[in-house]
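Here is start32.cif, consisting of mmCIF, C-alpha atoms:
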```
data_query
loop_
_atom_site.group_PDB
_atom_site.id
_atom_site.type_symbol
_atom_site.label_atom_id
_atom_site.label_comp_id
_atom_site.auth_asym_id
_atom_site.auth_seq_id
_atom_site.Cartn_x
_atom_site.Cartn_y
_atom_site.Cartn_z
ATOM 1 C CA ASP P 11 -14.192 -7.340 16.361
ATOM 2 C CA ALA P 12 -16.768 -5.234 18.182
ATOM 3 C CA LYS P 13 -20.019 -4.975 16.237
ATOM 4 C CA THR P 14 -22.094 -1.991 15.245
ATOM 5 C CA THR P 15 -25.808 -1.894 14.463
ATOM 6 C CA GLN P 16 -27.265 0.697 12.108
ATOM 7 C CA PRO P 17 -30.683 1.068 10.484
ATOM 8 C CA ASN P 18 -30.729 -0.142 6.892
ATOM 9 C CA SER P 19 -32.119 3.116 5.561
ATOM 10 C CA MET P 20 -33.286 6.569 6.560
ATOM 11 C CA GLU P 21 -34.948 9.448 4.790
ATOM 12 C CA SER P 22 -34.560 13.169 5.275
ATOM 13 C CA ASN P 23 -35.718 16.399 3.694
ATOM 14 C CA GLU P 24 -33.230 18.751 2.123
ATOM 15 C CA GLU P 25 -31.954 21.507 4.418
ATOM 16 C CA GLU P 26 -33.137 19.691 7.551
ATOM 17 C CA PRO P 27 -30.830 18.125 10.138
ATOM 18 C CA VAL P 28 -30.208 14.398 9.981
ATOM 19 C CA HIS P 29 -29.362 12.183 12.943
ATOM 20 C CA LEU P 30 -27.860 8.831 11.961
ATOM 21 C CA PRO P 31 -27.731 6.399 14.912
ATOM 22 C CA CYS P 32 -25.236 3.648 15.620
ATOM 23 C CA ASN P 33 -25.372 1.125 18.448
ATOM 24 C CA HIS P 34 -22.175 -0.495 19.689
ATOM 25 C CA SER P 35 -22.968 -2.078 23.035
ATOM 26 C CA THR P 36 -19.787 -4.242 23.056
ATOM 27 C CA ILE P 37 -17.421 -1.330 22.508
ATOM 28 C CA SER P 38 -14.145 -1.560 24.407
ATOM 29 C CA GLY P 39 -12.495 1.291 26.238
ATOM 30 C CA THR P 40 -9.928 1.822 23.481
ATOM 31 C CA ASP P 41 -12.239 1.521 20.445
ATOM 32 C CA TYR P 42 -12.492 4.645 18.324
ATOM 33 C CA ILE P 43 -15.784 5.328 16.529
ATOM 34 C CA HIS P 44 -15.247 6.109 12.860
ATOM 35 C CA TRP P 45 -17.794 7.247 10.290
ATOM 36 C CA TYR P 46 -17.365 6.995 6.543
ATOM 37 C CA ARG P 47 -19.772 7.557 3.718
ATOM 38 C CA GLN P 48 -19.948 6.318 0.165
ATOM 39 C CA LEU P 49 -21.630 8.389 -2.491
ATOM 40 C CA PRO P 50 -23.105 6.510 -5.471
ATOM 41 C CA SER P 51 -20.440 5.060 -7.767
ATOM 42 C CA GLN P 52 -17.586 6.477 -5.674
ATOM 43 C CA GLY P 53 -15.108 5.194 -3.136
ATOM 44 C CA PRO P 54 -15.750 5.765 0.562
ATOM 45 C CA GLU P 55 -14.799 9.072 2.130
ATOM 46 C CA TYR P 56 -13.958 9.844 5.721
ATOM 47 C CA VAL P 57 -16.526 11.819 7.683
ATOM 48 C CA ILE P 58 -15.429 11.969 11.318
ATOM 49 C CA HIS P 59 -14.112 9.912 14.218
ATOM 50 C CA GLY P 60 -13.888 10.178 17.994
ATOM 51 C CA LEU P 61 -13.129 8.318 21.197
ATOM 52 C CA THR P 62 -15.103 9.752 24.107
ATOM 53 C CA SER P 63 -15.934 13.398 23.587
ATOM 54 C CA ASN P 64 -18.268 14.829 20.996
ATOM 55 C CA VAL P 65 -16.447 15.909 17.846
ATOM 56 C CA ASN P 66 -17.203 18.517 15.206
ATOM 57 C CA ASN P 67 -15.734 19.179 11.804
ATOM 58 C CA ARG P 68 -16.788 21.018 8.670
ATOM 59 C CA MET P 69 -18.761 18.029 7.426
ATOM 60 C CA ALA P 70 -20.620 16.750 10.495
ATOM 61 C CA SER P 71 -20.807 16.323 14.252
ATOM 62 C CA LEU P 72 -20.369 13.120 16.215
ATOM 63 C CA ALA P 73 -22.281 12.784 19.464
ATOM 64 C CA ILE P 74 -21.076 9.926 21.678
ATOM 65 C CA ALA P 75 -23.236 8.644 24.534
ATOM 66 C CA GLU P 76 -21.771 8.902 28.003
ATOM 67 C CA ASP P 77 -21.547 5.089 28.299
ATOM 68 C CA ARG P 78 -20.148 4.928 24.727
ATOM 69 C CA LYS P 79 -22.612 2.216 23.776
ATOM 70 C CA SER P 80 -24.127 4.348 21.061
ATOM 71 C CA SER P 81 -23.293 7.333 18.921
ATOM 72 C CA THR P 82 -25.035 9.628 16.466
ATOM 73 C CA LEU P 83 -23.706 11.242 13.332
ATOM 74 C CA ILE P 84 -25.341 14.617 12.817
ATOM 75 C CA LEU P 85 -25.545 16.341 9.462
ATOM 76 C CA HIS P 86 -26.704 19.836 10.325
ATOM 77 C CA ARG P 87 -28.367 20.691 7.005
ATOM 78 C CA ALA P 88 -28.816 17.835 4.596
ATOM 79 C CA THR P 89 -28.221 18.490 0.930
ATOM 80 C CA LEU P 90 -28.942 16.269 -2.034
ATOM 81 C CA ARG P 91 -25.218 15.570 -2.195
ATOM 82 C CA ASP P 92 -25.405 13.936 1.255
ATOM 83 C CA ALA P 93 -27.414 11.022 -0.162
ATOM 84 C CA ALA P 94 -25.050 8.123 0.451
ATOM 85 C CA VAL P 95 -24.433 4.993 2.496
ATOM 86 C CA TYR P 96 -23.064 5.912 5.931
ATOM 87 C CA TYR P 97 -20.871 3.425 7.769
ATOM 88 C CA CYS P 98 -20.225 3.402 11.510
ATOM 89 C CA ILE P 99 -17.056 1.459 12.376
ATOM 90 C CA LEU P 100 -15.303 0.630 15.633
ATOM 91 C CA HIS P 101 -11.552 0.494 15.415
ATOM 92 C CA GLY P 102 -8.485 0.240 17.559
ATOM 93 C CA GLY P 103 -9.579 -1.768 20.562
ATOM 94 C CA ASP P 104 -7.923 -5.037 19.617
ATOM 95 C CA SER P 105 -4.790 -3.372 18.256
ATOM 96 C CA SER P 106 -5.091 -5.294 14.991
ATOM 97 C CA TYR P 107 -5.583 -2.171 12.856
ATOM 98 C CA LYS P 108 -8.353 -3.921 10.933
ATOM 99 C CA LEU P 109 -10.983 -1.417 9.787
ATOM 100 C CA ILE P 110 -14.080 -3.517 9.116
ATOM 101 C CA PHE P 111 -17.053 -1.957 7.319
ATOM 102 C CA GLY P 112 -20.558 -3.210 8.094
ATOM 103 C CA SER P 113 -23.624 -2.783 5.924
ATOM 104 C CA GLY P 114 -24.260 0.868 6.789
ATOM 105 C CA THR P 115 -27.308 3.130 6.547
ATOM 106 C CA ARG P 116 -28.532 4.287 3.168
ATOM 107 C CA LEU P 117 -29.613 7.932 3.495
ATOM 108 C CA LEU P 118 -32.173 9.253 1.028
ATOM 109 C CA VAL P 119 -32.531 13.042 0.872
ATOM 110 C CA ARG P 120 -35.787 14.397 -0.520
ATOM 111 C CA PRO P 121 -35.741 17.754 -2.323
ATOM 112 C CA ASN C 1 -0.388 15.576 -3.917
ATOM 113 C CA ALA C 2 -1.909 12.886 -6.116
ATOM 114 C CA GLY C 3 -3.372 11.146 -3.047
ATOM 115 C CA VAL C 4 -4.117 7.453 -3.580
ATOM 116 C CA THR C 5 -3.824 6.241 -7.147
ATOM 117 C CA GLN C 6 -4.941 2.885 -8.522
ATOM 118 C CA THR C 7 -4.241 1.258 -11.849
ATOM 119 C CA PRO C 8 -5.832 -0.004 -13.954
ATOM 120 C CA LYS C 9 -9.307 1.547 -13.725
ATOM 121 C CA PHE C 10 -10.914 -1.377 -15.536
ATOM 122 C CA GLN C 11 -9.743 -4.928 -16.222
ATOM 123 C CA VAL C 12 -11.248 -8.034 -17.756
ATOM 124 C CA LEU C 13 -9.570 -11.364 -17.009
ATOM 125 C CA LYS C 14 -10.236 -14.910 -18.023
ATOM 126 C CA THR C 15 -10.615 -17.561 -15.332
ATOM 127 C CA GLY C 16 -7.200 -18.773 -14.214
ATOM 128 C CA GLN C 17 -5.260 -15.701 -15.279
ATOM 129 C CA SER C 18 -3.204 -13.766 -12.761
ATOM 130 C CA MET C 19 -2.680 -10.054 -12.477
ATOM 131 C CA THR C 20 -1.556 -7.326 -10.116
ATOM 132 C CA LEU C 21 -3.623 -4.324 -9.104
ATOM 133 C CA GLN C 22 -1.407 -1.362 -8.365
ATOM 134 C CA CYS C 23 -1.894 1.105 -5.523
ATOM 135 C CA ALA C 24 0.338 4.035 -4.635
ATOM 136 C CA GLN C 25 0.109 6.940 -2.207
ATOM 137 C CA ASP C 26 2.276 10.032 -1.842
ATOM 138 C CA MET C 27 1.245 11.097 1.661
ATOM 139 C CA ASN C 28 3.846 9.046 3.567
ATOM 140 C CA HIS C 29 1.068 7.036 5.198
ATOM 141 C CA GLU C 30 2.071 4.062 7.301
ATOM 142 C CA TYR C 31 -1.234 2.208 6.891
ATOM 143 C CA MET C 32 -2.504 0.840 3.586
ATOM 144 C CA SER C 33 -5.340 -1.539 2.883
ATOM 145 C CA TRP C 34 -7.274 -3.286 0.146
ATOM 146 C CA TYR C 35 -11.051 -3.753 0.067
ATOM 147 C CA ARG C 36 -13.392 -5.381 -2.371
ATOM 148 C CA GLN C 37 -16.977 -4.348 -2.964
ATOM 149 C CA ASP C 38 -19.357 -6.665 -4.752
ATOM 150 C CA PRO C 39 -22.412 -5.164 -6.481
ATOM 151 C CA GLY C 40 -24.929 -3.798 -3.969
ATOM 152 C CA MET C 41 -22.818 -4.890 -0.999
ATOM 153 C CA GLY C 42 -20.551 -3.270 1.571
ATOM 154 C CA LEU C 43 -16.763 -3.232 1.599
ATOM 155 C CA ARG C 44 -14.792 -6.240 2.783
ATOM 156 C CA LEU C 45 -11.187 -5.992 3.925
ATOM 157 C CA ILE C 46 -8.780 -8.229 1.974
ATOM 158 C CA HIS C 47 -5.309 -7.375 3.325
ATOM 159 C CA TYR C 48 -3.699 -4.497 5.121
ATOM 160 C CA SER C 49 -0.248 -3.227 6.044
ATOM 161 C CA VAL C 50 1.026 -1.072 8.899
ATOM 162 C CA GLY C 51 4.375 -0.336 7.272
ATOM 163 C CA ALA C 52 6.952 -1.487 4.763
ATOM 164 C CA GLY C 53 7.603 -5.193 5.155
ATOM 165 C CA ILE C 54 4.528 -5.777 7.354
ATOM 166 C CA THR C 55 1.265 -7.180 6.004
ATOM 167 C CA ASP C 56 -1.670 -9.013 7.541
ATOM 168 C CA GLN C 57 -4.888 -10.673 6.460
ATOM 169 C CA GLY C 58 -8.289 -9.065 6.548
ATOM 170 C CA GLU C 59 -11.720 -10.678 6.291
ATOM 171 C CA VAL C 60 -11.398 -12.256 2.823
ATOM 172 C CA PRO C 61 -7.703 -12.894 2.024
ATOM 173 C CA ASN C 62 -8.011 -16.171 0.085
ATOM 174 C CA GLY C 63 -6.939 -15.923 -3.536
ATOM 175 C CA TYR C 64 -4.970 -12.711 -2.998
ATOM 176 C CA ASN C 65 -1.373 -11.903 -2.132
ATOM 177 C CA VAL C 66 0.135 -8.593 -1.077
ATOM 178 C CA SER C 67 3.567 -7.210 -0.413
ATOM 179 C CA ARG C 68 4.792 -3.873 0.907
ATOM 180 C CA SER C 69 8.387 -3.249 -0.104
ATOM 181 C CA THR C 70 8.081 0.548 0.093
ATOM 182 C CA THR C 71 5.940 2.975 2.079
ATOM 183 C CA GLU C 72 4.355 4.280 -1.117
ATOM 184 C CA ASP C 73 3.239 1.100 -2.887
ATOM 185 C CA PHE C 74 0.900 -1.723 -1.903
ATOM 186 C CA PRO C 75 0.151 -4.009 -4.872
ATOM 187 C CA LEU C 76 -2.565 -6.668 -4.721
ATOM 188 C CA ARG C 77 -1.931 -9.851 -6.681
ATOM 189 C CA LEU C 78 -4.671 -12.178 -7.875
ATOM 190 C CA LEU C 79 -3.096 -15.607 -8.118
ATOM 191 C CA SER C 80 -5.613 -17.412 -10.334
ATOM 192 C CA ALA C 81 -8.652 -15.324 -11.144
ATOM 193 C CA ALA C 82 -12.116 -16.772 -10.548
ATOM 194 C CA PRO C 83 -15.549 -15.352 -11.482
ATOM 195 C CA SER C 84 -16.229 -14.909 -7.742
ATOM 196 C CA GLN C 85 -13.504 -12.252 -7.709
ATOM 197 C CA THR C 86 -15.496 -10.010 -10.019
ATOM 198 C CA SER C 87 -15.760 -6.865 -7.934
ATOM 199 C CA VAL C 88 -14.624 -3.287 -7.467
ATOM 200 C CA TYR C 89 -11.338 -3.089 -5.590
ATOM 201 C CA PHE C 90 -10.480 -0.079 -3.442
ATOM 202 C CA CYS C 91 -7.117 0.776 -1.966
ATOM 203 C CA ALA C 92 -6.864 3.119 1.017
ATOM 204 C CA SER C 93 -4.157 4.703 3.146
ATOM 205 C CA SER C 94 -3.860 6.650 6.367
ATOM 206 C CA HIS C 95 -1.552 7.567 9.195
ATOM 207 C CA ILE C 96 -1.457 5.387 12.282
ATOM 208 C CA THR C 97 -2.293 7.151 15.548
ATOM 209 C CA GLY C 98 -1.627 4.974 18.563
ATOM 210 C CA THR C 99 -3.881 1.909 18.367
ATOM 211 C CA SER C 100 -6.069 3.317 15.609
ATOM 212 C CA VAL C 101 -5.779 4.993 12.250
ATOM 213 C CA SER C 102 -6.645 8.523 11.264
ATOM 214 C CA GLU C 103 -8.621 9.601 8.214
ATOM 215 C CA GLN C 104 -8.409 6.943 5.495
ATOM 216 C CA TYR C 105 -8.051 8.186 1.935
ATOM 217 C CA PHE C 106 -9.516 5.903 -0.712
ATOM 218 C CA GLY C 107 -8.446 5.504 -4.300
ATOM 219 C CA PRO C 108 -10.916 5.662 -7.199
ATOM 220 C CA GLY C 109 -11.165 1.884 -7.467
ATOM 221 C CA THR C 110 -10.433 -0.809 -10.037
ATOM 222 C CA ARG C 111 -13.412 -2.509 -11.624
ATOM 223 C CA LEU C 112 -12.475 -6.144 -12.304
ATOM 224 C CA THR C 113 -14.508 -8.619 -14.309
ATOM 225 C CA VAL C 114 -13.518 -12.284 -14.481
ATOM 226 C CA THR C 115 -15.152 -14.312 -17.235
#
```
What would the structure in this file look like if it were written as structure tokens?
Amino acid sequence: DAKTTQPNSMESNEEEPVHLPCNHSTISGTDYIHWYRQLPSQGPEYVIHGLTSNVNNRMASLAIAEDRKSSTLILHRATLRDAAVYYCILHGGDSSYKLIFGSGTRLLVRP
Amino acid sequence: NAGVTQTPKFQVLKTGQSMTLQCAQDMNHEYMSWYRQDPGMGLRLIHYSVGAGITDQGEVPNGYNVSRSTTEDFPLRLLSAAPSQTSVYFCASSHITGTSVSEQYFGPGTRLTVT
């Protein structure tokens, strides 16, 4: 399975944008980049996913580097509710349908 | 839609006992999966299924069995519980899109303690 590398933790101030990086230098041409987050004491929830082009939804934006070896999840205005562990996952390249979570980035949002 | 439901919410087992964790979804999703999450750790994939009658192993399948006789249900069976299986178990489901899956919906989890 292709690996992702994320910082262990990041901090942000409330109402400021947050850029969460993910490196995936061994990504294959058919790997999708998925992002999930897990709020304290809850199950994971889907945030966004993409293949090559940048993607936007009501929750976040996903910026994918031109060479696809890195991506950035952008939260446009962090709220206290965005404090969570954010997971960047590669999926689909080996056709096994395994969705493997790594250790993620713990985001702390300061009021 | 109820989404993904899991029962029970909590369970305490003695070492050596067996039990089945139930998972059901009402979204007609092809893909279903089971994860475990130990305290302070990330999620690890146990088993997954891409449709009725088709299952495959994830990262940590030992000690667990699954079956998928219907699209809706994906039960996880613990064969002989061990303290190392104390964890929170999450079930998830999604549609399959080509070689990947779309948005995965997670259930609320089952907190299992093995004494």
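The gap separating atom CA of P:Gly53 from atom CA of P:Val119 is 19.5 Å, in Å to one decimal.
Comparing the minimum interatomic distances between chain C and each of P:Ile84, P:Val57, P:Leu72, P:Ile37, counting only C-alpha atoms, we find that P:Val57 sits nearest.
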Query - Point-to-point distance in Å for atom CA of C:Gly107 and atom CA of P:Ala73 - result: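 According to the coordinates, atom CA of P:Ala73 and atom CA of C:Gly107 are separated by 28.4 Å.
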Query raised in the report: If the PyMOL selection byres ((chain C and resi 43) around 12) is run on the structure shown, which residues does it catch, given as a VMD selection string?
Result: (chain P and resid 46 to 48 53 to 54 95 to 97 99 109 to 114) or (chain C and resid 33 to 42 44 to 46 58 to 60 87 to 92 106 109)
Query - For chain P, the nearest of the candidates C:Leu112, C:Met32, C:Ala24, C:Ala52, counting all atoms listed in the file - result: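 Once distances to chain P are computed over all atoms listed in the file, the minimum belongs to C:Met32.
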